[in-house]
$ cat model28.cif   # mmCIF, C-alpha atoms and all ligand atoms
data_final
#
loop_
_atom_site.label_atom_id
_atom_site.label_comp_id
_atom_site.auth_asym_id
_atom_site.auth_seq_id
_atom_site.Cartn_x
_atom_site.Cartn_y
_atom_site.Cartn_z
CA MET A 1 -208.87 119.62 33.22
CA SER A 2 -206.02 117.10 32.99
CA GLU A 3 -204.89 115.62 29.70
CA ALA A 4 -206.57 112.39 30.75
CA ASP A 5 -210.01 114.07 30.42
CA ALA A 6 -209.43 116.31 27.41
CA ILE A 7 -210.40 115.38 23.88
CA HIS A 8 -208.63 117.69 21.45
CA GLU A 9 -210.03 118.44 18.02
CA THR A 10 -206.71 118.11 16.20
CA ILE A 11 -203.29 116.80 17.09
CA ILE A 12 -200.41 117.26 14.67
CA LEU A 13 -197.30 115.10 14.85
CA GLY A 14 -194.12 116.73 13.57
CA SER A 15 -192.80 120.26 13.26
CA GLY A 16 -191.40 120.46 9.74
CA PRO A 17 -193.07 122.56 7.02
CA ALA A 18 -196.00 120.11 6.72
CA GLY A 19 -196.73 120.06 10.47
CA LEU A 20 -196.34 123.81 10.95
CA THR A 21 -198.48 124.68 7.92
CA ALA A 22 -201.14 122.26 9.14
CA ALA A 23 -200.94 124.02 12.52
CA ILE A 24 -201.36 127.50 10.98
CA TYR A 25 -204.45 126.41 9.04
CA ALA A 26 -205.95 124.31 11.83
CA ALA A 27 -205.47 127.12 14.36
CA ARG A 28 -207.03 129.67 12.04
CA GLY A 29 -209.86 127.19 11.43
CA ARG A 30 -210.43 127.13 15.23
CA CYS A 31 -209.52 123.48 15.59
CA CYS A 32 -207.29 124.40 18.58
CA PRO A 33 -204.44 122.20 17.43
CA ILE A 34 -201.79 120.67 19.61
CA LEU A 35 -198.51 120.11 17.80
CA ILE A 36 -196.11 117.53 19.17
CA ARG A 37 -192.71 118.61 17.97
CA GLY A 38 -190.95 115.25 17.79
CA SER A 39 -187.31 114.24 17.89
CA GLN A 40 -186.06 116.79 15.35
CA PRO A 41 -187.92 120.06 16.00
CA GLY A 42 -188.21 121.94 12.70
CA GLY A 43 -187.57 118.77 10.69
CA GLN A 44 -185.05 118.17 7.92
CA LEU A 45 -184.82 121.85 6.96
CA THR A 46 -183.06 122.68 10.19
CA THR A 47 -180.06 120.76 8.88
CA THR A 48 -179.85 122.68 5.60
CA THR A 49 -178.15 125.99 5.01
CA VAL A 50 -179.76 128.52 2.68
CA ILE A 51 -183.09 127.67 1.05
CA GLU A 52 -183.37 129.55 -2.21
CA ASN A 53 -186.42 127.91 -3.74
CA PHE A 54 -189.08 128.63 -1.13
CA PRO A 55 -191.30 131.26 -2.75
CA GLY A 56 -191.41 134.61 -1.04
CA PHE A 57 -187.73 134.80 -0.12
CA PRO A 58 -185.93 136.18 -3.17
CA GLU A 59 -182.66 136.46 -1.27
CA GLY A 60 -183.04 132.96 0.21
CA ILE A 61 -183.62 132.10 3.85
CA ASP A 62 -181.79 129.67 6.06
CA GLY A 63 -183.66 126.54 7.09
CA PRO A 64 -183.79 127.10 10.86
CA THR A 65 -185.02 130.69 10.37
CA LEU A 66 -187.78 129.61 7.99
CA MET A 67 -188.92 127.03 10.53
CA GLU A 68 -188.82 129.58 13.38
CA GLU A 69 -190.94 131.98 11.34
CA MET A 70 -193.49 129.25 10.54
CA GLU A 71 -193.60 128.31 14.20
CA LYS A 72 -194.21 131.94 15.24
CA GLN A 73 -197.08 132.08 12.75
CA ALA A 74 -198.58 128.86 14.12
CA ARG A 75 -198.26 130.16 17.71
CA ARG A 76 -199.84 133.49 16.77
CA PHE A 77 -203.10 131.76 15.92
CA GLY A 78 -203.12 129.65 19.06
CA THR A 79 -201.35 126.36 18.32
CA ARG A 80 -200.17 124.72 21.52
CA PHE A 81 -196.71 123.17 21.17
CA VAL A 82 -195.73 120.10 23.12
CA GLU A 83 -192.05 119.14 23.40
CA GLY A 84 -191.33 115.48 23.16
CA GLU A 85 -191.47 112.38 21.10
CA VAL A 86 -194.47 110.17 20.55
CA THR A 87 -193.80 106.64 21.75
CA LYS A 88 -197.13 105.01 20.87
CA VAL A 89 -200.36 105.75 19.04
CA GLU A 90 -203.67 103.94 19.19
CA LEU A 91 -205.80 104.54 16.11
CA GLY A 92 -208.10 101.53 16.39
CA SER A 93 -210.61 103.22 18.71
CA ARG A 94 -211.96 106.76 19.12
CA PRO A 95 -210.85 109.21 20.26
CA PHE A 96 -207.38 108.43 18.92
CA ARG A 97 -204.75 108.24 21.64
CA ILE A 98 -201.17 109.49 21.53
CA TRP A 99 -198.51 108.76 24.13
CA VAL A 100 -195.84 111.42 24.84
CA GLY A 101 -193.70 110.68 27.90
CA ASP A 102 -196.10 110.16 30.81
CA GLU A 103 -199.00 111.95 29.12
CA ILE A 104 -201.70 110.43 26.95
CA TYR A 105 -203.36 112.86 24.53
CA SER A 106 -206.75 112.12 22.95
CA CYS A 107 -208.03 113.63 19.72
CA LEU A 108 -210.79 113.53 17.12
CA THR A 109 -208.43 114.09 14.19
CA LEU A 110 -204.76 113.31 13.80
CA ILE A 111 -202.44 114.83 11.21
CA ILE A 112 -199.25 112.83 10.74
CA CYS A 113 -196.29 114.90 9.52
CA THR A 114 -193.43 112.82 10.85
CA GLY A 115 -191.37 113.20 7.68
CA ALA A 116 -188.65 111.04 6.23
CA SER A 117 -184.99 110.63 6.94
CA PRO A 118 -182.31 110.36 4.30
CA LYS A 119 -180.30 107.18 4.42
CA MET A 120 -176.70 108.06 5.13
CA LEU A 121 -173.45 106.23 4.51
CA GLY A 122 -172.66 105.68 8.19
CA LEU A 123 -169.28 107.42 7.98
CA PRO A 124 -168.11 109.01 11.23
CA ASN A 125 -167.96 112.67 10.12
CA GLU A 126 -170.86 112.83 7.63
CA TRP A 127 -173.19 114.65 10.05
CA GLU A 128 -170.44 117.03 11.15
CA LEU A 129 -169.96 117.98 7.48
CA TYR A 130 -173.67 118.03 6.69
CA GLY A 131 -174.42 121.46 5.23
CA ARG A 132 -170.68 122.03 4.84
CA GLY A 133 -170.28 120.05 1.65
CA VAL A 134 -172.30 116.97 2.51
CA SER A 135 -175.85 117.21 1.17
CA VAL A 136 -178.80 114.99 0.39
CA CYS A 137 -180.60 117.38 -1.95
CA ALA A 138 -179.22 118.61 -5.26
CA THR A 139 -182.35 120.67 -5.94
CA CYS A 140 -181.62 122.58 -2.73
CA ASP A 141 -177.84 122.89 -2.90
CA ALA A 142 -176.58 122.46 -6.50
CA PHE A 143 -176.37 126.20 -6.98
CA PHE A 144 -173.56 126.41 -4.42
CA TYR A 145 -171.37 124.13 -6.55
CA LYS A 146 -171.06 126.31 -9.62
CA ASP A 147 -167.81 125.33 -11.38
CA LYS A 148 -166.84 123.01 -8.53
CA ASP A 149 -166.29 119.26 -8.35
CA VAL A 150 -168.84 117.06 -6.65
CA VAL A 151 -169.37 113.38 -5.91
CA VAL A 152 -172.79 111.72 -5.95
CA VAL A 153 -173.16 108.40 -4.14
CA GLY A 154 -175.76 105.88 -5.34
CA GLY A 155 -177.01 104.26 -8.51
CA GLY A 156 -180.79 104.70 -8.38
CA ASP A 157 -183.10 107.25 -9.95
CA THR A 158 -182.33 109.82 -7.27
CA ALA A 159 -178.55 109.59 -7.70
CA VAL A 160 -178.73 109.78 -11.47
CA GLU A 161 -181.26 112.60 -11.43
CA GLU A 162 -179.21 114.52 -8.86
CA ALA A 163 -176.04 114.00 -10.89
CA THR A 164 -177.74 115.29 -14.05
CA PHE A 165 -179.08 118.30 -12.20
CA LEU A 166 -175.71 119.01 -10.58
CA ALA A 167 -174.00 118.78 -13.98
CA ARG A 168 -175.77 122.02 -14.96
CA PHE A 169 -173.76 123.82 -12.29
CA ALA A 170 -170.71 121.82 -11.33
CA ARG A 171 -167.52 121.52 -13.36
CA LYS A 172 -167.30 117.79 -12.79
CA VAL A 173 -169.73 115.30 -11.27
CA THR A 174 -168.46 111.86 -10.27
CA VAL A 175 -171.09 109.22 -9.54
CA VAL A 176 -169.77 106.58 -7.17
CA HIS A 177 -171.78 103.37 -7.35
CA ARG A 178 -171.16 100.13 -5.53
CA ARG A 179 -172.07 97.93 -8.53
CA ASN A 180 -171.30 98.09 -12.24
CA THR A 181 -174.88 98.65 -13.36
CA LEU A 182 -177.29 101.38 -12.43
CA ARG A 183 -180.63 100.73 -10.83
CA ALA A 184 -181.99 103.95 -12.34
CA SER A 185 -184.59 103.85 -15.12
CA PRO A 186 -183.20 103.60 -18.70
CA VAL A 187 -184.19 107.12 -19.74
CA LEU A 188 -182.48 108.73 -16.76
CA GLN A 189 -179.44 106.45 -17.17
CA LYS A 190 -179.03 107.34 -20.81
CA ARG A 191 -179.19 111.04 -20.07
CA ALA A 192 -176.53 110.78 -17.37
CA LEU A 193 -174.24 108.41 -19.27
CA GLN A 194 -174.21 110.79 -22.24
CA ASN A 195 -173.53 113.87 -20.14
CA LYS A 196 -169.92 114.91 -20.63
CA HIS A 197 -169.75 116.53 -17.19
CA ILE A 198 -170.58 113.23 -15.45
CA THR A 199 -168.14 110.36 -14.92
CA PHE A 200 -168.89 107.07 -13.18
CA ARG A 201 -166.78 105.11 -10.72
CA TRP A 202 -168.19 101.59 -10.85
CA ASN A 203 -167.84 98.93 -8.16
CA THR A 204 -166.66 101.64 -5.82
CA VAL A 205 -167.63 102.84 -2.36
CA VAL A 206 -166.81 105.93 -0.34
CA THR A 207 -164.83 104.86 2.73
CA ALA A 208 -164.12 108.35 4.12
CA ILE A 209 -165.13 111.96 3.63
CA LEU A 210 -162.11 114.23 3.88
CA GLY A 211 -162.36 117.65 5.50
CA ASP A 212 -163.42 119.25 8.74
CA LYS A 213 -165.97 121.70 10.10
CA GLU A 214 -163.83 124.73 9.29
CA SER A 215 -162.71 123.84 5.76
CA GLY A 216 -165.77 121.82 4.72
CA VAL A 217 -165.52 118.85 2.39
CA GLN A 218 -162.14 118.55 0.69
CA GLY A 219 -162.49 115.16 -0.93
CA VAL A 220 -163.39 111.51 -0.48
CA ARG A 221 -161.50 108.27 -0.12
CA LEU A 222 -162.76 105.63 -2.53
CA ARG A 223 -162.33 101.87 -2.46
CA ASP A 224 -162.50 99.81 -5.64
CA LEU A 225 -164.46 96.73 -4.56
CA ILE A 226 -162.83 94.52 -7.24
CA SER A 227 -159.16 95.40 -6.76
CA GLY A 228 -159.45 96.57 -3.14
CA GLU A 229 -157.39 99.61 -4.10
CA GLU A 230 -158.04 102.86 -2.17
CA LYS A 231 -157.60 106.29 -3.71
CA GLU A 232 -158.42 109.84 -2.75
CA LEU A 233 -160.49 112.07 -4.99
CA SER A 234 -160.64 115.77 -4.26
CA CYS A 235 -164.07 117.39 -4.41
CA ASP A 236 -166.05 120.22 -2.84
CA GLY A 237 -169.32 118.40 -2.25
CA VAL A 238 -170.67 114.93 -1.55
CA PHE A 239 -174.31 114.25 -2.40
CA VAL A 240 -175.60 111.13 -0.68
CA ALA A 241 -178.44 109.70 -2.77
CA ILE A 242 -178.93 106.20 -1.47
CA GLY A 243 -182.62 106.51 -0.62
CA HIS A 244 -184.88 107.80 2.17
CA THR A 245 -186.78 106.07 4.94
CA SER A 246 -190.18 107.47 5.90
CA ASN A 247 -190.78 107.79 9.62
CA THR A 248 -193.76 105.48 9.90
CA GLY A 249 -192.61 103.03 12.56
CA LEU A 250 -195.39 104.11 14.96
CA PHE A 251 -198.18 103.49 12.47
CA ARG A 252 -197.31 100.12 11.01
CA GLU A 253 -200.07 97.54 11.57
CA GLN A 254 -202.52 100.44 12.07
CA LEU A 255 -202.52 102.40 8.81
CA GLU A 256 -202.18 101.30 5.22
CA ILE A 257 -198.52 101.64 4.26
CA ILE A 258 -197.01 101.00 0.82
CA ASP A 259 -195.56 97.52 1.24
CA GLU A 260 -193.28 97.20 -1.77
CA GLY A 261 -191.81 98.95 -4.78
CA HIS A 262 -191.67 102.68 -5.19
CA GLY A 263 -192.47 104.43 -1.94
CA GLU A 264 -192.17 101.30 0.19
CA GLY A 265 -192.79 102.20 3.85
CA TYR A 266 -194.64 105.46 3.06
CA ILE A 267 -198.22 106.09 4.27
CA VAL A 268 -200.86 105.59 1.59
CA THR A 269 -202.98 108.73 1.09
CA ARG A 270 -206.03 109.22 -1.11
CA ASN A 271 -208.23 112.23 -1.97
CA GLY A 272 -205.53 114.58 -0.82
CA THR A 273 -204.27 113.55 2.60
CA GLU A 274 -206.78 110.93 3.80
CA THR A 275 -205.23 107.76 5.19
CA SER A 276 -206.92 104.38 5.55
CA ILE A 277 -208.54 105.54 8.83
CA PRO A 278 -211.16 108.33 8.61
CA GLY A 279 -210.03 111.26 10.73
CA VAL A 280 -206.34 110.43 10.33
CA PHE A 281 -204.51 112.48 7.72
CA ALA A 282 -200.90 112.40 6.55
CA ALA A 283 -198.94 115.25 4.98
CA GLY A 284 -195.40 115.97 3.85
CA ASP A 285 -192.58 113.53 3.27
CA VAL A 286 -194.13 110.75 5.34
CA GLN A 287 -196.56 110.16 2.45
CA ASP A 288 -194.53 111.57 -0.45
CA PRO A 289 -191.70 109.56 -1.97
CA TYR A 290 -191.72 111.69 -5.15
CA PHE A 291 -191.24 115.41 -4.52
CA ARG A 292 -189.94 115.83 -0.97
CA GLN A 293 -189.76 119.62 -1.16
CA ALA A 294 -190.50 122.08 1.66
CA ILE A 295 -193.12 123.78 -0.47
CA THR A 296 -194.94 120.54 -1.38
CA ALA A 297 -194.83 119.48 2.28
CA ALA A 298 -196.34 122.83 3.28
CA GLY A 299 -199.01 122.42 0.58
CA THR A 300 -200.10 119.01 1.83
CA GLY A 301 -200.01 120.31 5.43
CA CYS A 302 -202.56 122.92 4.41
CA MET A 303 -204.70 120.25 2.71
CA ALA A 304 -204.59 118.00 5.78
CA ALA A 305 -205.73 120.80 8.12
CA MET A 306 -208.63 121.69 5.82
CA GLN A 307 -209.64 118.05 5.50
CA ALA A 308 -209.41 117.60 9.29
CA GLU A 309 -211.60 120.67 9.80
CA ARG A 310 -214.25 119.29 7.43
CA TYR A 311 -214.10 115.94 9.16
CA ILE A 312 -214.74 117.58 12.55
CA GLU A 313 -217.66 119.49 11.02
CA SER A 314 -219.11 116.22 9.73
CA LEU A 315 -218.81 114.70 13.22
CA ASN A 316 -220.65 117.72 14.66
CA GLU A 317 -223.38 117.43 12.02
CA GLU A 318 -223.79 113.72 12.81
CA LYS A 319 -224.05 114.51 16.51
CA GLU A 320 -226.64 117.25 15.93
CA GLY A 321 -228.61 114.94 13.63
CA ALA A 322 -228.72 112.28 16.33
CA GLU A 323 -229.99 114.72 18.99
P1 LIG A 401 -183.11 103.39 -4.62
O1 LIG A 401 -183.81 103.11 -5.90
O2 LIG A 401 -183.35 102.53 -3.45
O3 LIG A 401 -181.56 103.39 -4.97
C1 LIG A 401 -180.61 103.54 -3.97
C2 LIG A 401 -179.26 103.41 -4.62
O4 LIG A 401 -178.29 103.62 -3.61
C3 LIG A 401 -179.02 102.03 -5.23
O5 LIG A 401 -178.30 102.16 -6.41
C4 LIG A 401 -178.21 101.33 -4.15
O6 LIG A 401 -177.29 100.41 -4.67
C5 LIG A 401 -177.46 102.47 -3.53
N1 LIG A 401 -177.19 102.24 -2.13
C6 LIG A 401 -178.09 101.89 -1.15
N2 LIG A 401 -177.46 101.82 0.03
C7 LIG A 401 -176.17 102.11 -0.20
C8 LIG A 401 -175.02 102.21 0.63
N3 LIG A 401 -175.09 102.00 1.94
N4 LIG A 401 -173.84 102.53 0.06
C9 LIG A 401 -173.76 102.75 -1.28
N5 LIG A 401 -174.80 102.70 -2.12
C10 LIG A 401 -175.99 102.38 -1.58
O7 LIG A 401 -183.38 104.89 -4.07
P2 LIG A 401 -183.68 106.22 -4.89
O8 LIG A 401 -182.78 106.35 -6.04
O9 LIG A 401 -183.76 107.30 -3.88
O10 LIG A 401 -185.14 105.96 -5.45
C11 LIG A 401 -186.19 105.70 -4.52
C12 LIG A 401 -187.46 105.50 -5.31
O11 LIG A 401 -187.84 106.75 -5.85
C13 LIG A 401 -187.27 104.53 -6.48
O12 LIG A 401 -188.42 103.75 -6.58
C14 LIG A 401 -187.12 105.44 -7.65
O13 LIG A 401 -187.57 104.84 -8.86
C15 LIG A 401 -187.99 106.63 -7.27
N6 LIG A 401 -187.53 107.86 -7.89
C16 LIG A 401 -188.03 108.13 -9.12
C17 LIG A 401 -187.61 109.25 -9.79
C18 LIG A 401 -188.16 109.53 -11.13
O14 LIG A 401 -188.87 108.71 -11.65
N7 LIG A 401 -187.84 110.66 -11.73
C19 LIG A 401 -186.67 110.10 -9.20
C20 LIG A 401 -186.16 109.77 -7.95
C21 LIG A 401 -186.61 108.65 -7.31
P3 LIG A 401 -177.78 99.04 -5.38
O15 LIG A 401 -178.22 99.46 -6.75
O16 LIG A 401 -176.56 98.20 -5.36
O17 LIG A 401 -178.88 98.53 -4.52
#

$ encode --input "model28.cif" --output "structure tokens"
Amino acid sequence: MSEADAIHETIILGSGPAGLTAAIYAARGRCCPILIRGSQPGGQLTTTTVIENFPGFPEGIDGPTLMEEMEKQARRFGTRFVEGEVTKVELGSRPFRIWVGDEIYSCLTLIICTGASPKMLGLPNEWELYGRGVSVCATCDAFFYKDKDVVVVGGGDTAVEEATFLARFARKVTVVHRRNTLRASPVLQKRALQNKHITFRWNTVVTAILGDKESGVQGVRLRDLISGEEKELSCDGVFVAIGHTSNTGLFREQLEIIDEGHGEGYIVTRNGTETSIPGVFAAGDVQDPYFRQAITAAGTGCMAAMQAERYIESLNEEKEGAE
């Protein structure tokens, strides 16, 4: 049977912890899932080094290995993996249709786990140094900066929260913010401003990250936006905390998306992982602007698979009732 004729029970988009956990549960629930891996197989965790807060790995585990293990588990129960990127989805009629290259896949339930991407500074070597001093997650990486000096870029809740968290480990935390007032909420601001390990560089931007692949981050070059003066500041880590963008471009105009304020651009979910279209579920960072942890993504992936399974059962019951 060609793809054109097949109607799959469940298709999962994305291969981070949410997508792979959804696949493990859906496969074990006999929903015969197809998982379309997307543009960054394994998701954001493949760009991190050691993950020390995923339960079950007391010695830590590196991101790519954790993702490989999850993938093996999903394969073991019969998930079919499809390489490629989805270019279009049609959720307005049933079955739902998903375009990947020249193929069109049809399904009864869709689980969206397309994740989010951290906003970066746009500096030429920031990806080369990612995981070698450049980070976007203090919760994941602060431990590696015990008694070291770090820079946090940004002035919102994330930056201030990350700086406060880092200050528990690092010797000195310098927050570099492009304006002279923080966007962060007053309580978080107060906590950071009073912390003696944190200093602020106002009206300042990072114009270069110093270091290379071998030596890792050695420092940053800063520009004072008022005086125009440039100075170097030595540091061991740079935490970019200027926001995230959820990967929802394919679903705009089709699903309810948060249109402003906190979580703008993220998929709206209710009752667990239900989206505005019955049969379409969303899990992981694509619907979570708050926690963004591998373990929470995995948790919602599990929820989505169970909800998809129940939805398929309800379709079967309806069909039997009609016969
Ligand atoms: P955000 O509120 O959008 O703040 C981003 C910060 O980065 C802003 O200070 C912004 O400067 C700065 N920035 C943006 N682009 C930049 C660039 N290219 N170069 C330098 N600086 C740049 O993002 P967020 O802090 O990640 O927060 C996102 C949402 O999550 C917010 O609604 C926040 O309230 C929420 N959140 C809440 C909590 C909490 O309640 N505990 C924790 C984390 C996040 P400007 O100020 O000049 O725009």

$ closest_residue --input "model28.cif" --among "A:Gln287, A:Ser117, A:Gln218, A:Gln307" --to "A:Leu45" --atoms "all atoms listed in the file"
A:Ser117

$ residues_near_ligand --input "model28.cif" --ligand "ligand LIG 401 (chain A)" --cutoff "6 Å" --atoms "all atoms listed in the file" --output "PyMOL selection string"
chain A and resi 121+154-159+178-179+183+241-243+262

$ write_last_selection --input "model28.cif" --atoms "C-alpha atoms" --output "mmCIF file, in the frame of the given file"
data_model
loop_
_atom_site.group_PDB
_atom_site.id
_atom_site.type_symbol
_atom_site.label_atom_id
_atom_site.label_comp_id
_atom_site.auth_asym_id
_atom_site.auth_seq_id
_atom_site.Cartn_x
_atom_site.Cartn_y
_atom_site.Cartn_z
ATOM 1 C CA LEU A 121 -173.450 106.230 4.510
ATOM 2 C CA GLY A 154 -175.760 105.880 -5.340
ATOM 3 C CA GLY A 155 -177.010 104.260 -8.510
ATOM 4 C CA GLY A 156 -180.790 104.700 -8.380
ATOM 5 C CA ASP A 157 -183.100 107.250 -9.950
ATOM 6 C CA THR A 158 -182.330 109.820 -7.270
ATOM 7 C CA ALA A 159 -178.550 109.590 -7.700
ATOM 8 C CA ARG A 178 -171.160 100.130 -5.530
ATOM 9 C CA ARG A 179 -172.070 97.930 -8.530
ATOM 10 C CA ARG A 183 -180.630 100.730 -10.830
ATOM 11 C CA ALA A 241 -178.440 109.700 -2.770
ATOM 12 C CA ILE A 242 -178.930 106.200 -1.470
ATOM 13 C CA GLY A 243 -182.620 106.510 -0.620
ATOM 14 C CA HIS A 262 -191.670 102.680 -5.190
#

$ residues_around --input "model28.cif" --residues "A:Glu9" --least-positions-apart "3" --cutoff "10 Å" --atoms "all atoms listed in the file" --output "NGL selection string"
:A and (6 or 26 or 30-34 or 95 or 106-110 or 308-309 or 312)

$ write_last_selection --input "model28.cif" --atoms "C-alpha atoms" --output "mmCIF file, in the coordinates of the input"
data_model
loop_
_atom_site.group_PDB
_atom_site.id
_atom_site.type_symbol
_atom_site.label_atom_id
_atom_site.label_comp_id
_atom_site.auth_asym_id
_atom_site.auth_seq_id
_atom_site.Cartn_x
_atom_site.Cartn_y
_atom_site.Cartn_z
ATOM 1 C CA ALA A 6 -209.430 116.310 27.410
ATOM 2 C CA ALA A 26 -205.950 124.310 11.830
ATOM 3 C CA ARG A 30 -210.430 127.130 15.230
ATOM 4 C CA CYS A 31 -209.520 123.480 15.590
ATOM 5 C CA CYS A 32 -207.290 124.400 18.580
ATOM 6 C CA PRO A 33 -204.440 122.200 17.430
ATOM 7 C CA ILE A 34 -201.790 120.670 19.610
ATOM 8 C CA PRO A 95 -210.850 109.210 20.260
ATOM 9 C CA SER A 106 -206.750 112.120 22.950
ATOM 10 C CA CYS A 107 -208.030 113.630 19.720
ATOM 11 C CA LEU A 108 -210.790 113.530 17.120
ATOM 12 C CA THR A 109 -208.430 114.090 14.190
ATOM 13 C CA LEU A 110 -204.760 113.310 13.800
ATOM 14 C CA ALA A 308 -209.410 117.600 9.290
ATOM 15 C CA GLU A 309 -211.600 120.670 9.800
ATOM 16 C CA ILE A 312 -214.740 117.580 12.550
#

$ atom_distance --input "model28.cif" --atom1 "atom CA of A:Ile51" --atom2 "atom CA of A:Ala298"
14.3 Å

$ atom_distance --input "model28.cif" --atom1 "atom CA of A:Pro64" --atom2 "atom CA of A:Ala23"
17.5 Å

$ atom_distance --input "model28.cif" --atom1 "atom CA of A:Val173" --atom2 "atom CA of A:Asp149"
6.0 Å

$ residues_around --input "model28.cif" --residues "A:Lys72" --least-positions-apart "6" --cutoff "12 Å" --atoms "all atoms listed in the file" --output "ChimeraX atom specification"
/A:15,20-21,23-24,42,65-66,78-81

$ decode --input "model28.cif" --residues "stretch 71-85 of chain A" --atoms "N, CA and C atoms" --output "PDB file, in the first residue's frame"
ATOM      1  N   GLU A  71      15.391   6.840  21.456  1.00  0.00           N
ATOM      2  CA  GLU A  71      15.007   6.418  20.104  1.00  0.00           C
ATOM      3  C   GLU A  71      15.004   4.890  20.003  1.00  0.00           C
ATOM      4  N   LYS A  72      16.029   4.259  20.584  1.00  0.00           N
ATOM      5  CA  LYS A  72      16.094   2.785  20.570  1.00  0.00           C
ATOM      6  C   LYS A  72      14.838   2.209  21.211  1.00  0.00           C
ATOM      7  N   GLN A  73      14.438   2.838  22.325  1.00  0.00           N
ATOM      8  CA  GLN A  73      13.262   2.343  23.064  1.00  0.00           C
ATOM      9  C   GLN A  73      12.001   2.482  22.203  1.00  0.00           C
ATOM     10  N   ALA A  74      11.911   3.616  21.496  1.00  0.00           N
ATOM     11  CA  ALA A  74      10.744   3.837  20.636  1.00  0.00           C
ATOM     12  C   ALA A  74      10.731   2.854  19.472  1.00  0.00           C
ATOM     13  N   ARG A  75      11.919   2.548  18.925  1.00  0.00           N
ATOM     14  CA  ARG A  75      12.018   1.586  17.810  1.00  0.00           C
ATOM     15  C   ARG A  75      11.640   0.185  18.278  1.00  0.00           C
ATOM     16  N   ARG A  76      12.093  -0.148  19.500  1.00  0.00           N
ATOM     17  CA  ARG A  76      11.867  -1.494  20.035  1.00  0.00           C
ATOM     18  C   ARG A  76      10.385  -1.859  20.029  1.00  0.00           C
ATOM     19  N   PHE A  77       9.535  -0.859  20.250  1.00  0.00           N
ATOM     20  CA  PHE A  77       8.101  -1.160  20.320  1.00  0.00           C
ATOM     21  C   PHE A  77       7.385  -0.908  18.990  1.00  0.00           C
ATOM     22  N   GLY A  78       8.183  -0.616  17.952  1.00  0.00           N
ATOM     23  CA  GLY A  78       7.594  -0.580  16.618  1.00  0.00           C
ATOM     24  C   GLY A  78       7.319   0.794  16.022  1.00  0.00           C
ATOM     25  N   THR A  79       7.906   1.841  16.582  1.00  0.00           N
ATOM     26  CA  THR A  79       7.732   3.159  15.946  1.00  0.00           C
ATOM     27  C   THR A  79       8.455   3.155  14.608  1.00  0.00           C
ATOM     28  N   ARG A  80       7.824   3.701  13.600  1.00  0.00           N
ATOM     29  CA  ARG A  80       8.502   3.855  12.308  1.00  0.00           C
ATOM     30  C   ARG A  80       9.024   5.280  12.211  1.00  0.00           C
ATOM     31  N   PHE A  81      10.317   5.408  11.946  1.00  0.00           N
ATOM     32  CA  PHE A  81      10.924   6.748  11.861  1.00  0.00           C
ATOM     33  C   PHE A  81      11.017   7.187  10.410  1.00  0.00           C
ATOM     34  N   VAL A  82      10.662   8.426  10.176  1.00  0.00           N
ATOM     35  CA  VAL A  82      10.768   8.990   8.830  1.00  0.00           C
ATOM     36  C   VAL A  82      11.730  10.175   8.914  1.00  0.00           C
ATOM     37  N   GLU A  83      12.780  10.144   8.062  1.00  0.00           N
ATOM     38  CA  GLU A  83      13.715  11.265   8.023  1.00  0.00           C
ATOM     39  C   GLU A  83      13.066  12.382   7.220  1.00  0.00           C
ATOM     40  N   GLY A  84      13.280  13.590   7.630  1.00  0.00           N
ATOM     41  CA  GLY A  84      12.802  14.687   6.804  1.00  0.00           C
ATOM     42  C   GLY A  84      12.067  15.732   7.594  1.00  0.00           C
ATOM     43  N   GLU A  85      11.759  16.778   6.894  1.00  0.00           N
ATOM     44  CA  GLU A  85      11.133  17.930   7.516  1.00  0.00           C
ATOM     45  C   GLU A  85       9.732  18.105   6.949  1.00  0.00           C
TER      46      GLU A  85
END
